[in-house]
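Next up, coords36.csv (CSV, C-alpha atoms and all ligand atoms):
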chain,number,residue,atom,x,y,z
A,529,MET,CA,32.9,-20.6,-7.0
A,530,LYS,CA,34.0,-18.6,-3.9
A,531,LEU,CA,34.4,-20.6,-0.7
A,532,ARG,CA,33.7,-19.5,2.9
A,533,THR,CA,34.5,-21.0,6.2
A,534,LEU,CA,31.5,-22.6,7.9
A,535,GLY,CA,32.0,-21.1,11.4
A,536,ARG,CA,33.8,-23.3,13.9
A,537,THR,CA,33.6,-26.4,11.6
A,538,ASP,CA,36.5,-24.9,9.7
A,539,VAL,CA,35.1,-26.6,6.6
A,540,GLN,CA,35.2,-24.5,3.4
A,541,VAL,CA,31.9,-24.5,1.6
A,542,SER,CA,30.6,-22.8,-1.5
A,543,GLU,CA,29.0,-19.4,-0.7
A,544,ILE,CA,26.1,-20.5,-2.8
A,545,GLY,CA,24.2,-23.6,-1.6
A,546,PHE,CA,21.3,-25.6,-3.0
A,547,GLY,CA,18.1,-25.4,-1.0
A,548,GLY,CA,16.0,-28.6,-1.3
A,549,ILE,CA,12.4,-27.2,-1.2
A,550,PRO,CA,11.8,-26.0,-4.8
A,551,ILE,CA,12.4,-29.5,-6.3
A,552,ILE,CA,9.7,-31.1,-4.1
A,553,PRO,CA,6.9,-30.8,-6.7
A,554,SER,CA,8.9,-32.0,-9.7
A,555,GLU,CA,7.9,-35.3,-11.0
A,556,ASP,CA,10.6,-35.3,-13.6
A,557,LEU,CA,13.5,-37.2,-12.0
A,558,ASP,CA,15.7,-36.7,-15.1
A,559,LEU,CA,15.3,-33.0,-14.7
A,560,THR,CA,16.1,-33.0,-10.9
A,561,ASP,CA,19.2,-35.2,-11.7
A,562,GLU,CA,20.3,-32.6,-14.2
A,563,LEU,CA,19.8,-29.8,-11.8
A,564,ILE,CA,21.7,-31.4,-9.0
A,565,ASN,CA,24.5,-32.4,-11.3
A,566,HIS,CA,24.7,-29.0,-12.8
A,567,ALA,CA,24.9,-27.4,-9.4
A,568,LEU,CA,27.8,-29.7,-8.4
A,569,ASP,CA,29.5,-29.0,-11.8
A,570,SER,CA,29.1,-25.3,-11.1
A,571,GLY,CA,31.0,-25.6,-7.9
A,572,ILE,CA,28.1,-25.6,-5.5
A,573,THR,CA,29.1,-27.9,-2.7
A,574,TYR,CA,26.6,-27.1,0.1
A,575,LEU,CA,23.4,-29.1,-0.4
A,576,ASP,CA,20.6,-28.6,2.1
A,577,ASN,CA,17.6,-30.8,2.7
A,578,ALA,CA,15.1,-31.9,5.3
A,579,ARG,CA,13.3,-35.0,6.2
A,580,ALA,CA,10.2,-32.8,6.0
A,581,TYR,CA,10.7,-32.0,2.3
A,582,PRO,CA,8.8,-34.9,0.6
A,583,THR,CA,10.8,-36.6,-2.1
A,584,SER,CA,13.6,-34.1,-2.0
A,585,GLU,CA,16.1,-36.3,-0.2
A,586,MET,CA,15.4,-39.1,-2.5
A,587,LYS,CA,16.1,-36.8,-5.5
A,588,PHE,CA,19.4,-35.8,-4.0
A,589,GLY,CA,20.3,-39.4,-3.2
A,590,ARG,CA,20.0,-40.4,-6.9
A,591,VAL,CA,22.9,-38.2,-7.7
A,592,LEU,CA,24.9,-38.4,-4.5
A,593,LYS,CA,25.3,-42.1,-4.7
A,594,ASP,CA,28.0,-41.4,-7.3
A,595,ARG,CA,29.1,-37.9,-6.2
A,596,ARG,CA,28.9,-37.9,-2.4
A,597,ASP,CA,32.5,-36.8,-1.9
A,598,GLU,CA,31.8,-33.6,-3.8
A,599,ALA,CA,29.1,-32.4,-1.4
A,600,PHE,CA,28.8,-30.9,2.0
A,601,LEU,CA,25.6,-32.6,2.8
A,602,ALA,CA,23.1,-31.1,5.3
A,603,THR,CA,19.7,-32.3,6.2
A,604,LYS,CA,17.2,-31.8,9.1
A,605,THR,CA,14.9,-33.6,11.4
A,606,HIS,CA,11.6,-32.2,12.5
A,607,GLY,CA,11.5,-34.9,15.2
A,608,ARG,CA,11.4,-33.3,18.6
A,609,ASP,CA,12.2,-36.4,20.7
A,610,ARG,CA,15.2,-38.7,20.5
A,611,ASP,CA,13.5,-41.7,19.0
A,612,THR,CA,11.7,-39.9,16.3
A,613,ALA,CA,14.8,-38.0,15.4
A,614,TRP,CA,16.7,-41.3,15.1
A,615,GLN,CA,14.0,-42.7,12.9
A,616,HIS,CA,14.3,-39.6,10.6
A,617,LEU,CA,18.0,-39.9,10.5
A,618,GLU,CA,17.8,-43.5,9.3
A,619,GLU,CA,15.3,-42.6,6.7
A,620,SER,CA,17.3,-39.6,5.5
A,621,LEU,CA,20.5,-41.7,5.1
A,622,LYS,CA,18.6,-44.3,3.1
A,623,ASP,CA,17.0,-41.7,0.8
A,624,LEU,CA,20.2,-39.7,0.4
A,625,GLN,CA,22.0,-43.0,-0.3
A,626,THR,CA,24.8,-42.2,2.1
A,627,ASP,CA,26.1,-43.5,5.4
A,628,SER,CA,26.9,-40.2,7.0
A,629,LEU,CA,25.9,-36.5,7.0
A,630,ASP,CA,28.1,-33.5,7.2
A,631,LEU,CA,25.5,-31.5,9.1
A,632,TRP,CA,22.3,-32.5,10.8
A,633,GLN,CA,20.0,-29.7,11.9
A,634,LEU,CA,17.0,-29.5,14.3
A,635,HIS,CA,14.4,-28.2,12.0
A,636,ASP,CA,12.3,-25.0,12.6
A,637,ILE,CA,12.8,-24.5,16.4
A,638,SER,CA,10.8,-21.3,16.5
A,639,THR,CA,9.1,-21.4,20.0
A,640,ALA,CA,10.3,-21.8,23.6
A,641,ASP,CA,8.2,-25.0,23.8
A,642,LEU,CA,9.9,-26.6,20.9
A,643,TRP,CA,13.3,-25.5,22.3
A,644,ASP,CA,12.4,-27.2,25.6
A,645,GLN,CA,11.4,-30.4,23.8
A,646,VAL,CA,14.5,-30.8,21.7
A,647,MET,CA,17.0,-29.7,24.4
A,648,GLY,CA,15.3,-31.6,27.3
A,649,PRO,CA,15.7,-35.2,28.5
A,650,SER,CA,15.2,-37.6,25.6
A,651,GLY,CA,15.0,-34.7,23.2
A,652,ALA,CA,16.2,-34.6,19.6
A,653,LEU,CA,19.6,-33.1,20.6
A,654,GLU,CA,20.3,-36.4,22.4
A,655,ALA,CA,19.9,-38.3,19.1
A,656,ALA,CA,22.3,-35.8,17.4
A,657,ARG,CA,25.0,-36.3,20.0
A,658,GLU,CA,24.7,-40.1,19.8
A,659,ALA,CA,24.9,-39.9,16.0
A,660,GLN,CA,28.0,-37.8,16.3
A,661,ASP,CA,29.6,-40.3,18.7
A,662,GLN,CA,28.9,-43.0,16.2
A,663,GLY,CA,30.4,-41.0,13.4
A,664,ILE,CA,27.2,-40.8,11.4
A,665,VAL,CA,26.9,-37.0,11.8
A,666,LYS,CA,29.8,-34.6,11.8
A,667,TYR,CA,28.2,-31.3,12.9
A,668,VAL,CA,24.9,-30.3,14.4
A,669,GLY,CA,22.9,-27.2,13.6
A,670,LEU,CA,19.5,-25.6,14.2
A,671,SER,CA,17.1,-23.8,11.9
A,672,GLY,CA,14.3,-21.4,12.7
A,673,HIS,CA,12.5,-18.2,12.1
A,674,SER,CA,12.4,-16.7,15.6
A,675,ILE,CA,15.2,-14.3,16.4
A,676,GLU,CA,14.8,-15.1,20.1
A,677,MET,CA,15.4,-18.8,19.5
A,678,LEU,CA,18.2,-18.2,17.1
A,679,LEU,CA,20.0,-16.1,19.7
A,680,ARG,CA,19.3,-18.7,22.3
A,681,ALA,CA,20.8,-21.4,20.0
A,682,ILE,CA,23.9,-19.3,19.5
A,683,ASP,CA,24.3,-18.5,23.2
A,684,SER,CA,23.9,-22.2,24.2
A,685,GLY,CA,27.1,-23.1,22.3
A,686,GLU,CA,25.4,-26.4,21.4
A,687,PHE,CA,25.2,-25.7,17.7
A,688,ASP,CA,27.9,-25.5,15.0
A,689,THR,CA,25.6,-23.7,12.6
A,690,ILE,CA,22.3,-21.8,12.4
A,691,LEU,CA,20.0,-21.6,9.4
A,692,CYS,CA,17.9,-18.4,9.3
A,693,ALA,CA,16.2,-16.1,6.8
A,694,TYR,CA,17.9,-12.9,5.6
A,695,ASN,CA,17.0,-10.9,2.5
A,696,LEU,CA,15.9,-7.5,1.3
A,697,GLY,CA,12.4,-8.1,2.9
A,698,ILE,CA,13.5,-9.9,6.1
A,699,HIS,CA,16.6,-8.2,7.3
A,700,ASP,CA,16.1,-7.9,11.1
A,701,THR,CA,18.2,-11.1,11.5
A,702,GLY,CA,21.1,-8.9,10.3
A,703,ASP,CA,20.9,-6.6,13.4
A,704,GLU,CA,21.7,-9.0,16.2
A,705,VAL,CA,21.7,-12.6,15.0
A,706,LEU,CA,24.4,-12.4,12.3
A,707,PRO,CA,26.9,-10.4,14.4
A,708,LYS,CA,26.4,-12.6,17.4
A,709,ALA,CA,26.8,-15.8,15.3
A,710,ALA,CA,30.1,-14.4,14.0
A,711,ALA,CA,31.3,-13.5,17.5
A,712,SER,CA,30.8,-17.0,18.6
A,713,ASN,CA,32.1,-18.5,15.4
A,714,THR,CA,28.8,-20.2,14.6
A,715,GLY,CA,28.3,-21.0,10.9
A,716,VAL,CA,25.4,-19.2,9.2
A,717,ALA,CA,23.4,-20.6,6.3
A,718,ILE,CA,20.8,-18.2,4.9
A,719,MET,CA,17.4,-19.5,3.7
A,720,LYS,CA,15.3,-17.5,1.2
A,721,PRO,CA,18.1,-15.2,0.1
A,722,LEU,CA,15.8,-14.0,-2.7
A,723,SER,CA,12.6,-14.3,-0.8
A,724,GLY,CA,11.3,-16.9,-3.3
A,725,GLY,CA,11.7,-14.4,-6.1
A,726,ILE,CA,8.9,-12.1,-5.1
A,727,PHE,CA,10.9,-9.0,-5.9
A,728,PHE,CA,11.6,-9.8,-9.5
A,729,ARG,CA,8.1,-10.5,-10.9
A,730,ARG,CA,7.2,-6.8,-11.4
A,731,GLU,CA,9.3,-4.3,-13.3
A,732,GLU,CA,7.8,-1.6,-11.1
A,733,ILE,CA,9.8,-2.9,-8.2
A,734,ASP,CA,13.1,-2.9,-10.2
A,735,ILE,CA,15.3,-5.2,-8.1
A,736,SER,CA,17.6,-7.6,-9.9
A,737,PRO,CA,18.4,-11.1,-8.6
A,738,GLU,CA,22.1,-10.1,-8.8
A,739,LYS,CA,21.6,-7.1,-6.4
A,740,ALA,CA,19.4,-9.2,-4.1
A,741,TRP,CA,22.2,-11.8,-3.9
A,742,HIS,CA,24.8,-9.1,-3.3
A,743,PHE,CA,22.7,-7.8,-0.3
A,744,VAL,CA,23.1,-11.2,1.3
A,745,LEU,CA,26.7,-12.0,0.2
A,746,GLU,CA,28.1,-8.8,1.5
A,747,ARG,CA,27.5,-9.9,5.0
A,748,PRO,CA,30.8,-11.4,6.2
A,749,GLU,CA,29.0,-13.4,8.9
A,750,VAL,CA,27.1,-15.4,6.2
A,751,SER,CA,28.8,-18.7,5.4
A,752,VAL,CA,26.4,-19.8,2.6
A,753,GLY,CA,23.2,-18.5,0.9
A,754,LEU,CA,20.9,-21.3,-0.1
A,755,ALA,CA,19.5,-20.7,-3.6
A,756,GLY,CA,16.0,-22.0,-4.1
A,757,ILE,CA,16.6,-24.0,-7.3
A,758,LYS,CA,13.9,-25.3,-9.6
A,759,CYS,CA,15.6,-24.6,-13.0
A,760,MET,CA,19.0,-24.2,-14.6
A,761,ARG,CA,18.6,-20.5,-14.6
A,762,ASP,CA,18.4,-20.3,-10.8
A,763,ILE,CA,21.8,-22.0,-10.6
A,764,ASP,CA,23.4,-19.9,-13.3
A,765,GLN,CA,22.0,-16.7,-11.9
A,766,ALA,CA,23.2,-17.4,-8.4
A,767,VAL,CA,26.7,-18.4,-9.6
A,768,ALA,CA,26.9,-15.3,-11.7
A,769,ALA,CA,25.9,-13.1,-8.8
A,770,SER,CA,28.7,-14.7,-6.7
A,771,GLU,CA,31.2,-14.0,-9.5
A,772,SER,CA,30.1,-10.4,-10.0
A,773,PHE,CA,29.9,-9.5,-6.3
A,774,GLN,CA,30.5,-5.9,-5.5
A,775,PRO,CA,29.7,-4.4,-2.1
A,776,LEU,CA,26.6,-2.2,-2.2
A,777,SER,CA,26.9,1.4,-1.0
A,778,ASP,CA,24.7,2.5,1.9
A,779,ASP,CA,22.5,4.5,-0.5
A,780,GLU,CA,22.1,1.5,-2.8
A,781,LYS,CA,21.1,-0.8,0.1
A,782,GLN,CA,18.6,1.7,1.4
A,783,ASP,CA,17.1,2.1,-2.1
A,784,LEU,CA,16.8,-1.7,-2.5
A,785,ILE,CA,15.1,-2.1,0.9
A,786,GLU,CA,12.6,0.6,0.1
A,787,LYS,CA,11.8,-1.0,-3.2
A,788,ALA,CA,11.3,-4.4,-1.5
A,789,ASN,CA,9.0,-2.7,1.1
A,790,TYR,CA,6.7,-1.8,-1.8
A,791,LEU,CA,5.2,-5.3,-1.5
A,792,GLY,CA,4.8,-5.0,2.3
A,793,ASP,CA,5.6,-7.3,5.2
A,794,ASP,CA,2.6,-9.4,5.0
A,795,VAL,CA,3.3,-11.2,1.7
A,796,CYS,CA,3.9,-14.9,0.9
A,797,ARG,CA,7.7,-15.5,0.7
A,798,ASN,CA,7.2,-18.6,-1.4
A,799,CYS,CA,9.2,-20.7,1.0
A,800,GLY,CA,7.0,-23.7,0.4
A,801,TYR,CA,6.6,-24.8,4.1
A,802,CYS,CA,2.9,-24.9,3.7
A,803,ILE,CA,2.8,-27.4,0.9
A,804,LYS,CA,4.0,-30.4,2.6
A,805,ASP,CA,1.1,-31.1,4.8
A,806,CYS,CA,-1.8,-30.1,2.6
A,807,PRO,CA,-4.0,-33.1,2.2
A,808,GLN,CA,-5.5,-31.6,-0.9
A,809,ASN,CA,-2.2,-30.9,-2.7
A,810,ILE,CA,-3.2,-27.3,-3.4
A,811,ASP,CA,-0.4,-25.2,-4.8
A,812,ILE,CA,-0.7,-22.7,-2.0
A,813,PRO,CA,2.3,-20.5,-2.8
A,814,ARG,CA,1.1,-19.9,-6.3
A,815,ILE,CA,-2.4,-18.9,-5.2
A,816,MET,CA,-0.9,-16.7,-2.5
A,817,ARG,CA,1.2,-15.0,-5.1
A,818,ILE,CA,-1.9,-14.2,-7.1
A,819,HIS,CA,-3.4,-12.8,-4.0
A,820,ASP,CA,-0.4,-10.6,-3.1
A,821,GLU,CA,0.1,-9.3,-6.6
A,822,GLY,CA,-3.6,-8.6,-7.0
A,823,ARG,CA,-3.5,-6.6,-3.8
A,824,VAL,CA,-0.6,-4.4,-5.0
A,825,PHE,CA,-1.6,-4.2,-8.6
A,826,PRO,CA,-5.4,-4.3,-8.6
A,827,TYR,CA,-5.7,-3.5,-12.3
A,828,GLU,CA,-4.1,-6.9,-13.0
A,829,TRP,CA,-6.9,-9.0,-11.5
A,830,PRO,CA,-8.5,-9.8,-15.0
A,831,ARG,CA,-5.2,-11.3,-16.1
A,832,PHE,CA,-5.0,-13.5,-13.1
A,833,GLY,CA,-8.3,-15.2,-14.0
A,834,LYS,CA,-6.6,-17.1,-16.8
A,835,GLU,CA,-3.7,-18.2,-14.6
A,836,TYR,CA,-6.1,-19.3,-11.9
A,837,ALA,CA,-8.1,-21.3,-14.4
A,838,SER,CA,-5.0,-23.4,-15.1
A,839,ILE,CA,-4.4,-24.3,-11.5
A,840,GLU,CA,-5.6,-27.8,-10.4
A,841,PRO,CA,-6.9,-28.3,-7.7
A,842,GLN,CA,-8.3,-24.9,-7.1
A,843,ALA,CA,-8.7,-23.2,-3.7
A,844,ASP,CA,-12.2,-24.5,-3.2
A,845,ALA,CA,-10.7,-28.0,-2.6
A,846,CYS,CA,-9.5,-26.7,0.8
A,847,VAL,CA,-10.9,-28.6,3.7
A,848,GLU,CA,-9.8,-26.0,6.2
A,849,CYS,CA,-7.6,-28.3,8.2
A,850,ARG,CA,-5.2,-25.4,8.7
A,851,ASN,CA,-2.1,-27.5,8.5
A,852,CYS,CA,-0.7,-24.9,6.1
A,853,GLU,CA,-1.3,-22.0,8.6
A,854,GLU,CA,0.5,-24.0,11.3
A,855,ALA,CA,3.4,-24.5,9.0
A,856,CYS,CA,3.6,-20.9,7.7
A,857,PRO,CA,6.5,-19.2,9.5
A,858,PHE,CA,5.0,-15.8,8.7
A,859,ASP,CA,1.5,-16.6,10.2
A,860,LEU,CA,-0.3,-15.7,7.0
A,861,PRO,CA,-4.1,-16.2,7.0
A,862,ILE,CA,-3.8,-18.7,4.1
A,863,VAL,CA,-7.3,-20.2,4.3
A,864,GLU,CA,-8.9,-16.8,4.1
A,865,ARG,CA,-6.7,-15.6,1.3
A,866,LEU,CA,-7.3,-18.8,-0.8
A,867,ALA,CA,-11.0,-18.3,-0.4
A,868,MET,CA,-10.8,-14.7,-1.4
A,869,VAL,CA,-8.9,-15.6,-4.6
A,870,HIS,CA,-11.3,-18.3,-5.5
A,871,LYS,CA,-14.3,-16.1,-4.9
A,872,ARG,CA,-12.8,-13.4,-7.1
A,873,LEU,CA,-11.4,-15.6,-9.9
A,874,ALA,CA,-13.3,-18.9,-10.2
A,875,GLY,CA,-14.9,-19.1,-13.6
A,876,ARG,CA,-13.5,-15.8,-14.8
A,877,VAL,CA,-11.5,-16.7,-17.9
B,901,LIG,S1,-6.3,-25.6,5.2
B,901,LIG,FE1,-6.7,-26.0,3.1
B,901,LIG,S2,-4.9,-25.3,1.9
B,901,LIG,FE2,-4.3,-25.4,4.1
B,901,LIG,S3,-3.4,-27.5,4.3
B,901,LIG,FE3,-5.6,-27.7,4.8
B,901,LIG,S4,-6.6,-28.2,2.9
B,901,LIG,FE4,-4.6,-27.4,2.3
B,902,LIG,S1,2.0,-19.2,2.6
B,902,LIG,FE1,3.5,-19.0,4.2
B,902,LIG,S2,4.5,-21.1,4.3
B,902,LIG,FE2,3.3,-21.0,2.4
B,902,LIG,S3,4.8,-20.3,0.9
B,902,LIG,FE3,3.8,-18.5,1.6
B,902,LIG,S4,5.1,-17.7,3.3
B,902,LIG,FE4,5.7,-19.9,2.9

Would you kindly transcribe this structure into structure tokens?
Ligand code: SF4
Ligand code: SF4
Amino acid sequence: MKLRTLGRTDVQVSEIGFGGIPIIPSEDLDLTDELINHALDSGITYLDNARAYPTSEMKFGRVLKDRRDEAFLATKTHGRDRDTAWQHLEESLKDLQTDSLDLWQLHDISTADLWDQVMGPSGALEAAREAQDQGIVKYVGLSGHSIEMLLRAIDSGEFDTILCAYNLGIHDTGDEVLPKAAASNTGVAIMKPLSGGIFFRREEIDISPEKAWHFVLERPEVSVGLAGIKCMRDIDQAVAASESFQPLSDDEKQDLIEKANYLGDDVCRNCGYCIKDCPQNIDIPRIMRIHDEGRVFPYEWPRFGKEYASIEPQADACVECRNCEEACPFDLPIVERLAMVHKRLAGRV
């Protein structure tokens, strides 16, 4: 596994990391143990998690209790004030079965209001500095989807790392954020490097996971790309892409971006942020994928009827609380789209 320096921390981390969202739904703890062990055995050292990812930290902790020294362990707090952030930190350490973190990130700071809350008096950053002083946290980072807030974080000089999205479908972070991070020696972790796999489901789009990885890895500003891992193949594919890395030509890049654009901007990226607060446990990303694919490939709607019939609960369980829409970083009209899929497919097997 190739290593890269994580910005000003000077720590060498694997250029492929393990993102903790996709293992949230798994109830098979033997499988999640195997996945995390296989990632570590494959040379993946950077493990990323969040207090907001239900059960994910606990799943990592089961393995890390015996392999902590092999990992660069990162997690996040969605607490905005000092006290809540401290509470999250204590819960994270317990679930991760460790007494310290390599990196603690302020999670999803994507608006000026949130910025003011975490950076102001008694904000979450205060907890981070106290935890650093006590030796519980080594480095402090920030994650988010707003270019403006990411640039603000870099300019502030307060953060050792940022975590942002960059892939064939979301590449505007590459224009200003990545160069600026490099100029200030801020470490850069990339979320959604393969955009949740949306490019690979259709042969018409013709993008390979390997090329999508190379698009991310060729940026020298990137310290680590976080693979969304839910099966062994995700690990092996990412490791193989790192090993086979070749820079893309300008023509190749342009061609890949045009192919990715085929799906449009307004598609679900399968990031999973919407799942965690759904009181009805609806598999929102799966139903959103049916919606998005049905829109691009309308002749496929009959086939989706069978898939939709196997989903439990279905979209009509939605109570329209809109927690999912608040959590969606891409502002997708989830409730409306779930209702549309249900209307179109319920009972059509
Ligand atoms: S609006 Fe519906 S789908 Fe969204 S979180 Fe609430 S119940 Fe779940
Ligand atoms: S609906 Fe939004 S939050 Fe949910 S998986 Fe898709 S892009 Fe992510």

Let me see if you get this right: every residue at most 12 Å from ligand LIG 902 (chain B), counting only C-alpha atoms and all ligand atoms, written as a CSV table (one decimal) with C-alpha atoms, keeping the file's coordinate frame.
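Once written, result.csv looks like this:
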chain,number,residue,atom,x,y,z
A,549,ILE,CA,12.4,-27.2,-1.2
A,550,PRO,CA,11.8,-26.0,-4.8
A,673,HIS,CA,12.5,-18.2,12.1
A,693,ALA,CA,16.2,-16.1,6.8
A,698,ILE,CA,13.5,-9.9,6.1
A,719,MET,CA,17.4,-19.5,3.7
A,720,LYS,CA,15.3,-17.5,1.2
A,723,SER,CA,12.6,-14.3,-0.8
A,724,GLY,CA,11.3,-16.9,-3.3
A,725,GLY,CA,11.7,-14.4,-6.1
A,726,ILE,CA,8.9,-12.1,-5.1
A,793,ASP,CA,5.6,-7.3,5.2
A,794,ASP,CA,2.6,-9.4,5.0
A,795,VAL,CA,3.3,-11.2,1.7
A,796,CYS,CA,3.9,-14.9,0.9
A,797,ARG,CA,7.7,-15.5,0.7
A,798,ASN,CA,7.2,-18.6,-1.4
A,799,CYS,CA,9.2,-20.7,1.0
A,800,GLY,CA,7.0,-23.7,0.4
A,801,TYR,CA,6.6,-24.8,4.1
A,802,CYS,CA,2.9,-24.9,3.7
A,803,ILE,CA,2.8,-27.4,0.9
A,804,LYS,CA,4.0,-30.4,2.6
A,805,ASP,CA,1.1,-31.1,4.8
A,806,CYS,CA,-1.8,-30.1,2.6
A,810,ILE,CA,-3.2,-27.3,-3.4
A,811,ASP,CA,-0.4,-25.2,-4.8
A,812,ILE,CA,-0.7,-22.7,-2.0
A,813,PRO,CA,2.3,-20.5,-2.8
A,814,ARG,CA,1.1,-19.9,-6.3
A,815,ILE,CA,-2.4,-18.9,-5.2
A,816,MET,CA,-0.9,-16.7,-2.5
A,817,ARG,CA,1.2,-15.0,-5.1
A,818,ILE,CA,-1.9,-14.2,-7.1
A,819,HIS,CA,-3.4,-12.8,-4.0
A,820,ASP,CA,-0.4,-10.6,-3.1
A,850,ARG,CA,-5.2,-25.4,8.7
A,851,ASN,CA,-2.1,-27.5,8.5
A,852,CYS,CA,-0.7,-24.9,6.1
A,853,GLU,CA,-1.3,-22.0,8.6
A,854,GLU,CA,0.5,-24.0,11.3
A,855,ALA,CA,3.4,-24.5,9.0
A,856,CYS,CA,3.6,-20.9,7.7
A,857,PRO,CA,6.5,-19.2,9.5
A,858,PHE,CA,5.0,-15.8,8.7
A,859,ASP,CA,1.5,-16.6,10.2
A,860,LEU,CA,-0.3,-15.7,7.0
A,861,PRO,CA,-4.1,-16.2,7.0
A,862,ILE,CA,-3.8,-18.7,4.1
A,863,VAL,CA,-7.3,-20.2,4.3
A,864,GLU,CA,-8.9,-16.8,4.1
A,865,ARG,CA,-6.7,-15.6,1.3
A,866,LEU,CA,-7.3,-18.8,-0.8

Test item: residues at most 12 Å from Glu654 (chain A), all atoms listed in the file, excluding those fewer than 5 positions along its chain, as a ChimeraX atom specification: /A:607-614,634,645-649,659-661,668,686

Close residues, region 674-679 of chain A itself excluded, 12 Å, all atoms listed in the file, min 3 positions apart in chain, as an NGL selection string: :A and (634-644 or 669-671 or 682-687 or 689-694 or 698-712 or 714 or 716 or 857-858)

Selection near Tyr667 (chain A), 12 Å with all atoms listed in the file, sequence-local residues under 4 positions removed, as a PyMOL selection string: chain A and resi 534-539+600-604+628-634+653+656-661+663+686-690+714-715

Just C-alpha atoms for this one: save the residues we selected as a JSON list (two decimals), in the frame of the given file.
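Listing of selection.json after writing:
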[["chain", "number", "residue", "atom", "x", "y", "z"],
["A", 534, "LEU", "CA", 31.50, -22.60, 7.90],
["A", 535, "GLY", "CA", 32.00, -21.10, 11.40],
["A", 536, "ARG", "CA", 33.80, -23.30, 13.90],
["A", 537, "THR", "CA", 33.60, -26.40, 11.60],
["A", 538, "ASP", "CA", 36.50, -24.90, 9.70],
["A", 539, "VAL", "CA", 35.10, -26.60, 6.60],
["A", 600, "PHE", "CA", 28.80, -30.90, 2.00],
["A", 601, "LEU", "CA", 25.60, -32.60, 2.80],
["A", 602, "ALA", "CA", 23.10, -31.10, 5.30],
["A", 603, "THR", "CA", 19.70, -32.30, 6.20],
["A", 604, "LYS", "CA", 17.20, -31.80, 9.10],
["A", 628, "SER", "CA", 26.90, -40.20, 7.00],
["A", 629, "LEU", "CA", 25.90, -36.50, 7.00],
["A", 630, "ASP", "CA", 28.10, -33.50, 7.20],
["A", 631, "LEU", "CA", 25.50, -31.50, 9.10],
["A", 632, "TRP", "CA", 22.30, -32.50, 10.80],
["A", 633, "GLN", "CA", 20.00, -29.70, 11.90],
["A", 634, "LEU", "CA", 17.00, -29.50, 14.30],
["A", 653, "LEU", "CA", 19.60, -33.10, 20.60],
["A", 656, "ALA", "CA", 22.30, -35.80, 17.40],
["A", 657, "ARG", "CA", 25.00, -36.30, 20.00],
["A", 658, "GLU", "CA", 24.70, -40.10, 19.80],
["A", 659, "ALA", "CA", 24.90, -39.90, 16.00],
["A", 660, "GLN", "CA", 28.00, -37.80, 16.30],
["A", 661, "ASP", "CA", 29.60, -40.30, 18.70],
["A", 663, "GLY", "CA", 30.40, -41.00, 13.40],
["A", 686, "GLU", "CA", 25.40, -26.40, 21.40],
["A", 687, "PHE", "CA", 25.20, -25.70, 17.70],
["A", 688, "ASP", "CA", 27.90, -25.50, 15.00],
["A", 689, "THR", "CA", 25.60, -23.70, 12.60],
["A", 690, "ILE", "CA", 22.30, -21.80, 12.40],
["A", 714, "THR", "CA", 28.80, -20.20, 14.60],
["A", 715, "GLY", "CA", 28.30, -21.00, 10.90]]

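Taking CA of Arg831 (chain A) as the reference point, CA of Ala845 (chain A) is found at 22.2 Å.
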
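Shell of Glu771 (chain A) at 10 Å, with only C-alpha atoms counted and residues fewer than 6 places along the chain excluded, is Met529, Lys530, Glu738 and Gln765 of chain A.
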
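Interatomic distance, CA of Leu696 (chain A) to CA of Ala788 (chain A): 6.2 Å.
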
Long-range neighbours of Arg579 (chain A) as a VMD selection string, 8 Å cut-off, only C-alpha atoms, 6 positions minimum in chain: chain A and resid 585 603 to 606 616 619 to 620

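Taking CA of Cys759 (chain A) and CA of Gly589 (chain A) as endpoints, the distance between them is 18.4 Å.
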
Top pick for closest residue to Ser542 (chain A), considering A:Pro841, A:Asn713, A:Val750, A:Leu557 and counting all atoms listed in the file: A:Val750
